[in-house]
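Structure first, commentary second.
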Amino acid sequence: MAFKQLLNKNLMIASLSSALFLSAAASGATAYGASAVSPAPLQFQIGSTKSIDYRGEHKLAVAPYLQNGIAMVPVRALAEGLQANIQLDAAAKQIILTRAGLAVTLTQNSDAVVGSFIKNVKLPAKVVVIKGTTFIPAKMVAQLLGAKTSWDAKQKKVTVQTSEAALSLHYNFDQGEEGWKGAFADLPVDYNPDIYELQYARELLPLANNKTNYALKLKGMNRSDDLFMFATKKIDGLKPNTVYQASLSFKLYTDQSGGMMGVGGAPGEAVSIKAGFVSKEPQAVKVDSGGDHYYRMNLDKGNQKTEGKDMKIVGNMVQPDDSLKGFQPVAMDYTATLQTNEKGELYVIVGSDSGYEGLTTLYLDDMKIELSPKG
C-alpha cells in the first residue's frame with residue numbers, strides 16, 4: 001500500500017439509515033468522558049422505569065426485565081451510566097460500545113458478540129428491541145466493558161460498578177489489527193514508491209510451520225539517509241486531563257545479525273527501536289525543509305540514535321542469536337508518566353528510526369499496555 005494511501009486511510013462507518021434502530025439504541029454517536037472521581041454505581045430495578053447513575057435519577061422509556069433469569073437493561077442507559085462511547089451501524093444493525101480501551105460489538109436480534117480479547121463467545125440472551133428501546137444482557141456486556149455487576153434478589157435490583165484499578169490491554173493481532181495503524185516519515189513527499197518499498201500490513205509471522213500467529217509488519221528501504229516506520233493505537237475512554245502511569249511491553253521480530261556492515265550504519269545496530277505515549281495522534285505531516293518538502297512526525301521522536309521528548313529508545317534490530325537464521329523475537333518494554341487530553345485519550349506509538357541506508361523489515365507482536373491513574 002502506497003504511503004499516501006496509508007496517510008489517508010480512515011475507518012469508515014456505515015451510514016445510519018434505519019430510524020427505528022437509531023431511536024432504539026441512541027440518538028447518534030455520543031462520547032461520555034470519565035469523571036475525575038470514582039463514579040457512582042449504576043442501578044436498575046426490574047419492572048421499574050427509574051434508573052440511577054453518576055448524574056442522578058433518570059426515567060427509562062421501558063423498564064428492565066428478566067429473561068430466563070438474565071437481567072435485560074436498555075443499552076443506552078448502560079452506556080451512559082458507564083460513561084462509555086456508543087456508535088451505531090444501522091445498516092448492519094450493530095451497536096459498538098467502547099470504554100477504557102475496551103470494545104464490544106452487539107448485533108440486533110442476535111446473541112453474537114465481538115469484544116476485546118474474546119472470541120467464540122455468545123451472549124446469554126439475544127439483543128432485542130422492545131417499544132423502540134434496545135435491550136442487552138446487563139452482566140456480560142458490563143463485564144466486557146470492565147465493570148462488575150451485583151444482583152439483589154430481594155429488591156430485584158442490578159448494580160453496575162466500575163473500578164479505578166489498572167487497565168490492562170493486550171493485542172496479539174491474530175483476529176485483526178485491533179485499531180492499530182501504520183505509516184512512514186522522514187522521506188520526501190514526492191518519493192518514488194518503487195524504490196522505497198514501503199509496506200504496512202498484518203501478516204503471519206515468517207516462522208516455521210506458523211499458520212496462526214499474526215503480527216504487524218513494517219517494511220521500508222531507507223533512500224533518504226533516514227526513515228521512520230511506525231505503528232500507533234488510540235486508547236480512549238480514560239479520565240480526561242488525568243495523569244497516568246503507563247507501561248508497554250512487546251515483541252519485536254528481526255532477522256538482522258549484530259556486527260554487520262552497511263551503508264550509513266549497521267543494519268542491526270543503526271536502526272533504533274523507539275516507543276512512547278502521547279496525548280495527540282501521531283502523524284506524518286508535510287513540512288518545508290529548505291525548499292524541499294518532507295514527511296516529518298508531529299511529535300518529538302529525536303533522530304536515529306538520539307531520543308526525543310515524546311519517544312525513547314528501547315532497543316535496536318539486532319537478533320538475540322546470530323547462529324540462527326530467520327526472524328527471532330526480542331522482548332522490549334517502556335514506561336512513562338503523562339496526562340490524557342481533554343477527551344480522555346492517549347496514543348501509544350512504536351517505531352524504527354533508521355540510519356542504515358538499506359531495507360529493514362520488522363514485525364510487532366504481543367503488545368501489552370498497563371495504565372494506572374495517579375492521585
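Please note that chains go A, B, ... in the order of the C-alpha cells, that every chain numbers its residues from 1, and that ligands are numbered from 1 in the order shown.
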
Problem - Ser257 (chain A) environment, 10 Å, only C-alpha atoms, sequence neighbours closer than 4 positions dropped, as a ChimeraX atom specification - result: /A:266-269,317-326

Exercise for the section: Going by DSSP on the backbone, which bits of region 205-373 of chain A are strand (DSSP E or B)? Write them as a VMD selection string, please. Expected result: chain A and resid 214 to 221 227 to 235 243 to 254 256 271 to 278 284 to 289 292 to 297 302 to 303 306 to 307 312 to 316 318 328 to 339 346 to 354 359 to 373

Handout entry: Every residue of region 113-183 of chain A that DSSP places in helix (DSSP H, G or I), as a PyMOL selection string
Key = chain A and resi 138-144

Selection from above, N, CA and C atoms, as a compact mmCIF listing (two decimals), in the first residue's frame, can you write it?
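Printed below is result-v4.txt as written:
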```
# COMPACT_ATOMS: atom_id res chain seq x y z
N ALA A 138 -27.34 -7.43 30.91
CA ALA A 138 -26.54 -6.45 31.66
C ALA A 138 -25.19 -6.98 32.10
N LYS A 139 -25.18 -8.15 32.74
CA LYS A 139 -23.96 -8.62 33.39
C LYS A 139 -22.82 -8.83 32.41
N MET A 140 -23.07 -9.56 31.33
CA MET A 140 -21.98 -9.90 30.43
C MET A 140 -21.45 -8.68 29.69
N VAL A 141 -22.35 -7.82 29.20
CA VAL A 141 -21.90 -6.63 28.48
C VAL A 141 -21.12 -5.72 29.40
N ALA A 142 -21.58 -5.55 30.65
CA ALA A 142 -20.86 -4.73 31.62
C ALA A 142 -19.46 -5.28 31.88
N GLN A 143 -19.36 -6.61 32.02
CA GLN A 143 -18.05 -7.23 32.26
C GLN A 143 -17.10 -6.98 31.08
N LEU A 144 -17.63 -7.06 29.86
CA LEU A 144 -16.79 -6.85 28.69
C LEU A 144 -16.31 -5.41 28.59
```

Exercise for the section: Report the distance between CA of Pro282 (chain A) and CA of Val348 (chain A) in Å, rounded to one decimal place. Expected result: 8.5 Å

Ser279 (chain A) surroundings by only C-alpha atoms, 12 Å radius, close-in-sequence under 2 positions cut, as a tab-separated table (two decimals) with N, CA and C atoms, in the first residue's frame:
```tsv
chain	number	residue	atom	x	y	z
A	233	LYS	N	-1.68	3.38	18.11
A	233	LYS	CA	-3.02	2.98	18.54
A	233	LYS	C	-3.58	4.01	19.52
A	234	LYS	N	-4.86	4.40	19.31
A	234	LYS	CA	-5.53	5.29	20.25
A	234	LYS	C	-6.18	4.47	21.35
A	235	ILE	N	-6.02	4.94	22.59
A	235	ILE	CA	-6.69	4.34	23.74
A	235	ILE	C	-7.60	5.40	24.31
A	236	ASP	N	-8.92	5.18	24.24
A	236	ASP	CA	-9.86	6.19	24.70
A	236	ASP	C	-10.68	5.68	25.88
A	238	LEU	N	-10.60	6.97	28.84
A	238	LEU	CA	-9.89	7.20	30.09
A	238	LEU	C	-10.39	8.49	30.74
A	240	PRO	N	-10.38	12.25	31.50
A	240	PRO	CA	-9.80	13.39	30.79
A	240	PRO	C	-8.86	14.20	31.69
A	241	ASN	N	-7.82	14.74	31.08
A	241	ASN	CA	-6.86	15.62	31.78
A	241	ASN	C	-6.36	14.99	33.08
A	242	THR	N	-6.04	13.70	33.02
A	242	THR	CA	-5.62	12.95	34.20
A	242	THR	C	-4.25	12.33	33.97
A	243	VAL	N	-3.40	12.38	34.99
A	243	VAL	CA	-2.07	11.80	34.89
A	243	VAL	C	-2.14	10.28	35.06
A	244	TYR	N	-1.52	9.55	34.14
A	244	TYR	CA	-1.48	8.10	34.18
A	244	TYR	C	-0.04	7.61	34.19
A	276	GLY	N	6.70	5.30	22.76
A	276	GLY	CA	6.23	6.46	23.51
A	276	GLY	C	4.73	6.44	23.71
A	277	PHE	N	4.28	7.24	24.68
A	277	PHE	CA	2.86	7.53	24.92
A	277	PHE	C	2.69	9.03	24.75
A	281	GLU	N	-2.67	12.44	18.40
A	281	GLU	CA	-2.47	11.36	17.44
A	281	GLU	C	-1.15	11.53	16.70
A	282	PRO	N	-0.26	10.53	16.74
A	282	PRO	CA	1.00	10.61	15.98
A	282	PRO	C	0.71	10.57	14.48
A	298	ASN	N	4.74	14.73	13.79
A	298	ASN	CA	4.19	15.87	14.53
A	298	ASN	C	4.49	15.77	16.02
A	299	LEU	N	5.47	14.96	16.38
A	299	LEU	CA	5.92	14.84	17.77
A	299	LEU	C	7.44	14.76	17.78
A	310	ASP	N	9.17	12.86	23.26
A	310	ASP	CA	7.99	12.00	23.23
A	310	ASP	C	8.29	10.52	23.01
A	337	THR	N	5.12	8.50	32.38
A	337	THR	CA	4.04	9.16	33.11
A	337	THR	C	3.60	10.37	32.29
A	338	LEU	N	2.31	10.45	32.01
A	338	LEU	CA	1.81	11.56	31.20
A	338	LEU	C	0.34	11.78	31.47
A	339	GLN	N	-0.18	12.85	30.88
A	339	GLN	CA	-1.57	13.26	31.11
A	339	GLN	C	-2.42	13.03	29.86
A	340	THR	N	-3.63	12.51	30.06
A	340	THR	CA	-4.56	12.35	28.95
A	340	THR	C	-5.03	13.72	28.46
A	341	ASN	N	-5.58	13.75	27.24
A	341	ASN	CA	-6.13	15.01	26.74
A	341	ASN	C	-7.54	15.24	27.27
A	342	GLU	N	-8.18	16.31	26.80
A	342	GLU	CA	-9.49	16.67	27.33
A	342	GLU	C	-10.58	15.67	26.96
A	343	LYS	N	-10.29	14.78	26.01
A	343	LYS	CA	-11.25	13.74	25.62
A	343	LYS	C	-11.00	12.41	26.34
A	344	GLY	N	-10.02	12.38	27.22
A	344	GLY	CA	-9.69	11.13	27.90
A	344	GLY	C	-8.99	10.14	26.99
A	345	GLU	N	-8.06	10.63	26.16
A	345	GLU	CA	-7.38	9.79	25.18
A	345	GLU	C	-5.87	9.77	25.41
A	346	LEU	N	-5.26	8.64	25.09
A	346	LEU	CA	-3.82	8.51	24.98
A	346	LEU	C	-3.52	7.77	23.68
A	347	TYR	N	-2.32	7.97	23.16
A	347	TYR	CA	-1.88	7.25	21.97
A	347	TYR	C	-0.56	6.57	22.29
A	348	VAL	N	-0.44	5.31	21.92
A	348	VAL	CA	0.82	4.60	22.04
A	348	VAL	C	1.45	4.51	20.66
A	349	ILE	N	2.76	4.64	20.58
A	349	ILE	CA	3.46	4.58	19.30
A	349	ILE	C	4.75	3.79	19.46
```

Practice task
Please provide the set of residues having any atom within 9 Å of region 350-360 of chain A, restricted to only C-alpha atoms, with same-chain residues fewer than 6 positions apart removed, written as a PyMOL selection string.
Solution key: chain A and resi 196-197+218-232+254+256+262-276+301-305+311+316-317

Practice task
Compile the contact shell of Ala246 (chain A) as a list in words: residues with an atom at most 7 Å away, counting only C-alpha atoms, same-chain residues fewer than 2 positions apart removed.
Solution key: Tyr244, Leu248, Thr335, Ala336, Thr337, Glu370, Leu371 and Ser372 of chain A

Would you mind exporting the chosen residues as a compact mmCIF listing (two decimals), in the first residue's frame, restricted to N, CA, C and O atoms?
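The resulting file, out.txt, is shown below:
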```txt
# COMPACT_ATOMS: atom_id res chain seq x y z
N TYR A 244 -1.52 9.55 34.14
CA TYR A 244 -1.48 8.10 34.18
C TYR A 244 -0.04 7.61 34.19
O TYR A 244 0.84 8.20 33.57
N LEU A 248 4.46 -0.30 28.62
CA LEU A 248 4.28 -1.03 27.38
C LEU A 248 5.34 -2.12 27.28
O LEU A 248 6.51 -1.89 27.58
N THR A 335 8.23 2.57 29.90
CA THR A 335 7.32 3.15 30.88
C THR A 335 7.37 4.67 30.79
O THR A 335 8.39 5.26 30.41
N ALA A 336 6.26 5.31 31.14
CA ALA A 336 6.19 6.78 31.10
C ALA A 336 5.06 7.25 32.00
O ALA A 336 4.16 6.49 32.35
N THR A 337 5.12 8.50 32.38
CA THR A 337 4.04 9.16 33.11
C THR A 337 3.60 10.37 32.29
O THR A 337 4.43 11.19 31.91
N GLU A 370 -0.28 -1.33 30.23
CA GLU A 370 -0.86 -1.14 31.57
C GLU A 370 -1.00 0.35 31.82
O GLU A 370 -0.06 1.12 31.62
N LEU A 371 -2.20 0.78 32.26
CA LEU A 371 -2.46 2.18 32.54
C LEU A 371 -3.06 2.31 33.93
O LEU A 371 -4.10 1.71 34.23
N SER A 372 -2.42 3.11 34.79
CA SER A 372 -2.89 3.31 36.16
C SER A 372 -3.02 4.81 36.43
O SER A 372 -2.04 5.55 36.32
```

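Taking only C-alpha atoms into account, Val114 (chain A) lies nearest to A:Glu178 out of the set A:Asp53, A:Asp300, A:Asp194, A:Glu178.
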
Handout entry: Residues within 9 Å of Thr49 (chain A), only C-alpha atoms, excluding chain neighbours under 5 positions, as a PyMOL selection string
Key = chain A and resi 44+58-64

Problem - Closest of A:Ser168, A:Thr149, A:Gln108, A:Ser48 to Ser249 (chain A) - atom-to-atom distances counting only C-alpha atoms - result: A:Ser168

Fill in the blank from the handout: Restricting to only C-alpha atoms, whichever of A:Val127, A:Leu205, A:Ile118, A:Leu82 is closest to Leu145 (chain A) is A:Leu82

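Note that the spacing between CA of Lys156 (chain A) and CA of Asn109 (chain A) amounts to 25.1 Å.
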
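Each of A:Pro41, A:Asp255, A:Lys126, A:Val104 was checked against Ile70 (chain A) using only C-alpha atoms; the smallest atom-to-atom distance is that of A:Lys126.
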
Near-Gln94 (chain A) list (8 Å; only C-alpha atoms; drop same-chain fewer than 6 positions) as a tab-separated table (two decimals) with N, CA, C and O atoms, in the first residue's frame:
```tsv
chain	number	residue	atom	x	y	z
A	88	LEU	N	-23.35	3.60	16.29
A	88	LEU	CA	-24.39	2.79	15.68
A	88	LEU	C	-24.12	2.56	14.21
A	88	LEU	O	-23.71	3.48	13.50
A	105	THR	N	-18.98	-5.19	20.33
A	105	THR	CA	-19.90	-5.03	19.20
A	105	THR	C	-21.06	-6.00	19.36
A	105	THR	O	-20.85	-7.21	19.48
A	106	LEU	N	-22.27	-5.44	19.35
A	106	LEU	CA	-23.50	-6.22	19.52
A	106	LEU	C	-24.34	-6.12	18.26
A	106	LEU	O	-24.28	-5.12	17.54
A	107	THR	N	-25.14	-7.14	17.99
A	107	THR	CA	-25.97	-7.17	16.80
A	107	THR	C	-27.42	-7.40	17.19
A	107	THR	O	-27.73	-8.31	17.98
A	108	GLN	N	-28.33	-6.57	16.63
A	108	GLN	CA	-29.75	-6.68	16.93
A	108	GLN	C	-30.29	-8.05	16.55
A	108	GLN	O	-29.94	-8.63	15.52
```

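Take the candidates A:Ile46, A:Ala71, A:Met367, A:Ala185 and check each one against Val285 (chain A) using only C-alpha atoms; the shortest distance goes to A:Ala185.
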
Handout entry: Length of the CA of Ala40 (chain A) to CA of Pro137 (chain A) vector [Å]
Key = 20.6 Å
